[in-house]
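S.K.: Take this structure first; my questions come after.
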Amino acid sequence: MTSAPPDRESFEAEVLPQLDSLYRLALRLTTDPTRAEDLVQDTVLKAFRSWQRFQPGTNIRSWLFTILRNTFINEYRRRQREPIPMDLETIEPYATFRGTDEEDPEGTFFSQIVDGKVLEAIDALPEDFREVLVLSDVENLSYAEIAGVLGLPVGTVKSRLFRARRQLQRALYDHAVEMGYLRKVPGAR
Amino acid sequence: MAGGPDCQQALALLQDYLKQELTPELMARITTHLRRCRHCFTHLKFEESFLTMLETKAKGQCCPERLRLRILAALRGTPEP
């Protein structure tokens, strides 16, 4: 099978439509708009330099996310105090769902939370959880695609996603109680 | 009844079900259970509310126009690979 040699036009046609997704992932990884912009630009230029290696017909998003994440890890990540994952082993897995069971069983309170607060809560997750959550639940990658981007077994992706969602739900539940969207249910925690 | 073996299976597979990453047989089996079991159905709705919220709120952010322009300028100043 032959394919046309890669050129700037084909690169721009494939990659430019992905800038929003790249920027969102970069923002969540760096948690800083200026650094996110630099990371996206570096990612796109690196992708351009290795465009010959991209196999047409394979997943462009996974390919770009992989470059972005590797660039982040190698050049952008600051060794910072990592948020501590909640000790989910000791709490009931669906505690948040149980906590809202009587008052708001279908979780309508989630939609009341303002965008900025949701993003803040995502950024407060440990990085391992945050990247899986964003790739899965914002960018809609499959388990296999996420496993490819992160270089992890699918089983690890699944368990991290499970824990990330539980931790985020917990944080948003606490926020909703604080804001008065929900009443605190005794013993919910 | 909540807590029976069907409920346990549905809950254990809820995440994979929502990602539509089960075999068609299992997808159908869980769907059937969710239609019959109010407790599990509510749980599904709760997770769906969460995921819809997450996608809508987090997708509101777009690449700023100035970054798009900056990238285009950088690309066009870069020799062909």
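Naming scheme: A, B, ... for chains in displayed order of the structure tokens; residues 1 onward per chain; ligands 1 onward as shown.
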Would you tabulate, counting only C-alpha atoms, all residues of chain A that have an atom at most 7 Å from an atom of chain B, showing the closest pair of atoms and their distance in Å to one decimal, sorted by chain then ascending number, as JSON lines?
M.R.:
{"residue": "A:Asp7", "atom": "CA", "partner": "B:Glu80", "partner_atom": "CA", "distance": 6.7}
{"residue": "A:Arg8", "atom": "CA", "partner": "B:Glu80", "partner_atom": "CA", "distance": 6.5}
{"residue": "A:Leu19", "atom": "CA", "partner": "B:Cys63", "partner_atom": "CA", "distance": 6.0}
{"residue": "A:Asp20", "atom": "CA", "partner": "B:Cys63", "partner_atom": "CA", "distance": 4.7}
{"residue": "A:Tyr23", "atom": "CA", "partner": "B:Cys63", "partner_atom": "CA", "distance": 5.5}
{"residue": "A:Arg24", "atom": "CA", "partner": "B:Gln61", "partner_atom": "CA", "distance": 6.5}
{"residue": "A:Glu37", "atom": "CA", "partner": "B:Leu67", "partner_atom": "CA", "distance": 6.6}
{"residue": "A:Gln41", "atom": "CA", "partner": "B:Ile71", "partner_atom": "CA", "distance": 5.8}
{"residue": "A:Leu45", "atom": "CA", "partner": "B:Leu75", "partner_atom": "CA", "distance": 6.8}
{"residue": "A:Phe48", "atom": "CA", "partner": "B:Pro81", "partner_atom": "CA", "distance": 6.9}
{"residue": "A:Arg49", "atom": "CA", "partner": "B:Pro81", "partner_atom": "CA", "distance": 5.3}
{"residue": "A:Pro105", "atom": "CA", "partner": "B:Thr42", "partner_atom": "CA", "distance": 6.4}
{"residue": "A:Glu106", "atom": "CA", "partner": "B:Phe46", "partner_atom": "CA", "distance": 4.2}
{"residue": "A:Gly107", "atom": "CA", "partner": "B:Phe46", "partner_atom": "CA", "distance": 4.7}
{"residue": "A:Thr108", "atom": "CA", "partner": "B:Ser49", "partner_atom": "CA", "distance": 6.3}
{"residue": "A:Phe110", "atom": "CA", "partner": "B:Phe50", "partner_atom": "CA", "distance": 6.1}
{"residue": "A:Ser111", "atom": "CA", "partner": "B:Met53", "partner_atom": "CA", "distance": 5.6}
{"residue": "A:Asp115", "atom": "CA", "partner": "B:Lys57", "partner_atom": "CA", "distance": 5.1}
{"residue": "A:Leu119", "atom": "CA", "partner": "B:Ala58", "partner_atom": "CA", "distance": 6.5}
{"residue": "A:Asp137", "atom": "CA", "partner": "B:Glu55", "partner_atom": "CA", "distance": 6.3}
{"residue": "A:Val138", "atom": "CA", "partner": "B:Glu55", "partner_atom": "CA", "distance": 4.9}
S.K.: Suppose you want the space between atom CA of Arg163 of chain A and atom CA of Leu18 of chain B; what is it in Å?
M.R.: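 If I compute the distance from atom CA of Arg163 of chain A to atom CA of Leu18 of chain B, I get 15.4 Å.
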S.K.: Identify all residues of chain B in alpha helix (DSSP H) (DSSP on the backbone) and supply them as an NGL selection string.
M.R.: :B and (5-12 or 14-18 or 24-36 or 38-58 or 65-76)
S.K.: Closest to Leu14 of chain B among B:Leu69, B:Cys40, B:Arg35, B:Gly77, using only C-alpha atoms?
M.R.: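 Nearest candidate to Leu14 of chain B out of B:Leu69, B:Cys40, B:Arg35, B:Gly77: B:Cys40.
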S.K.: Nearest to Phe109 of chain A among A:Pro93, A:Gly180, A:Gly151, A:Pro126, with distances taken over only C-alpha atoms: which residue is it?
M.R.: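 The shortest atom-to-atom distance to Phe109 of chain A comes from A:Gly180.
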S.K.: Pick out the closest residue to Arg98 of chain A from this set: A:Val157, A:Thr34, A:Lys184, A:Ala26. Count only C-alpha atoms.
M.R.: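 Checking each candidate against Arg98 of chain A, we get A:Lys184 as the closest.
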S.K.: What is the distance, in Å and to one decimal place, between atom CA of Leu161 of chain A and atom CA of Thr31 of chain A?
M.R.: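 A separation of 19.5 Å between them.
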S.K.: Find the residues near Thr32 of chain B: any atom within 12 Å, counting only C-alpha atoms, skip ones fewer than 6 places away on the same chain, and give them as a ChimeraX atom specification.
M.R.: /B:6-7,10,25-26,38,40-41
S.K.: Those selected residues, please, written with N, CA and C atoms and delivered as a PDB file, in the first residue's frame.
M.R.:
ATOM      1  N   ASP B   6     -27.607 -10.089  40.142  1.00  0.00           N
ATOM      2  CA  ASP B   6     -27.714  -9.269  38.937  1.00  0.00           C
ATOM      3  C   ASP B   6     -27.283  -7.832  39.216  1.00  0.00           C
ATOM      4  N   CYS B   7     -27.673  -7.331  40.387  1.00  0.00           N
ATOM      5  CA  CYS B   7     -27.280  -5.965  40.762  1.00  0.00           C
ATOM      6  C   CYS B   7     -25.775  -5.888  40.931  1.00  0.00           C
ATOM      7  N   ALA B  10     -24.252  -5.833  37.544  1.00  0.00           N
ATOM      8  CA  ALA B  10     -24.515  -4.564  36.849  1.00  0.00           C
ATOM      9  C   ALA B  10     -23.625  -3.459  37.409  1.00  0.00           C
ATOM     10  N   GLU B  25     -23.437  -9.079  24.009  1.00  0.00           N
ATOM     11  CA  GLU B  25     -24.258  -9.923  24.889  1.00  0.00           C
ATOM     12  C   GLU B  25     -24.348  -9.310  26.279  1.00  0.00           C
ATOM     13  N   LEU B  26     -23.185  -8.909  26.806  1.00  0.00           N
ATOM     14  CA  LEU B  26     -23.184  -8.323  28.147  1.00  0.00           C
ATOM     15  C   LEU B  26     -23.895  -6.974  28.166  1.00  0.00           C
ATOM     16  N   ARG B  38     -34.968  -0.586  39.607  1.00  0.00           N
ATOM     17  CA  ARG B  38     -35.029   0.844  39.866  1.00  0.00           C
ATOM     18  C   ARG B  38     -33.753   1.348  40.527  1.00  0.00           C
ATOM     19  N   CYS B  40     -30.634   0.135  40.422  1.00  0.00           N
ATOM     20  CA  CYS B  40     -29.491   0.205  39.497  1.00  0.00           C
ATOM     21  C   CYS B  40     -29.719   1.271  38.426  1.00  0.00           C
ATOM     22  N   PHE B  41     -30.985   1.429  38.020  1.00  0.00           N
ATOM     23  CA  PHE B  41     -31.297   2.438  37.008  1.00  0.00           C
ATOM     24  C   PHE B  41     -30.968   3.836  37.547  1.00  0.00           C
TER      25      PHE B  41
END
S.K.: Figure out the distance between atom CA of Leu22 of chain A and atom CA of Ser159 of chain A, please, to one decimal in Å.
M.R.: 24.2 Å
S.K.: Under the rule that only C-alpha atoms are counted, which of B:Glu65, B:Leu22, B:Ala28, B:Leu34 is the nearest residue to Gln8 of chain B?
M.R.: B:Leu34
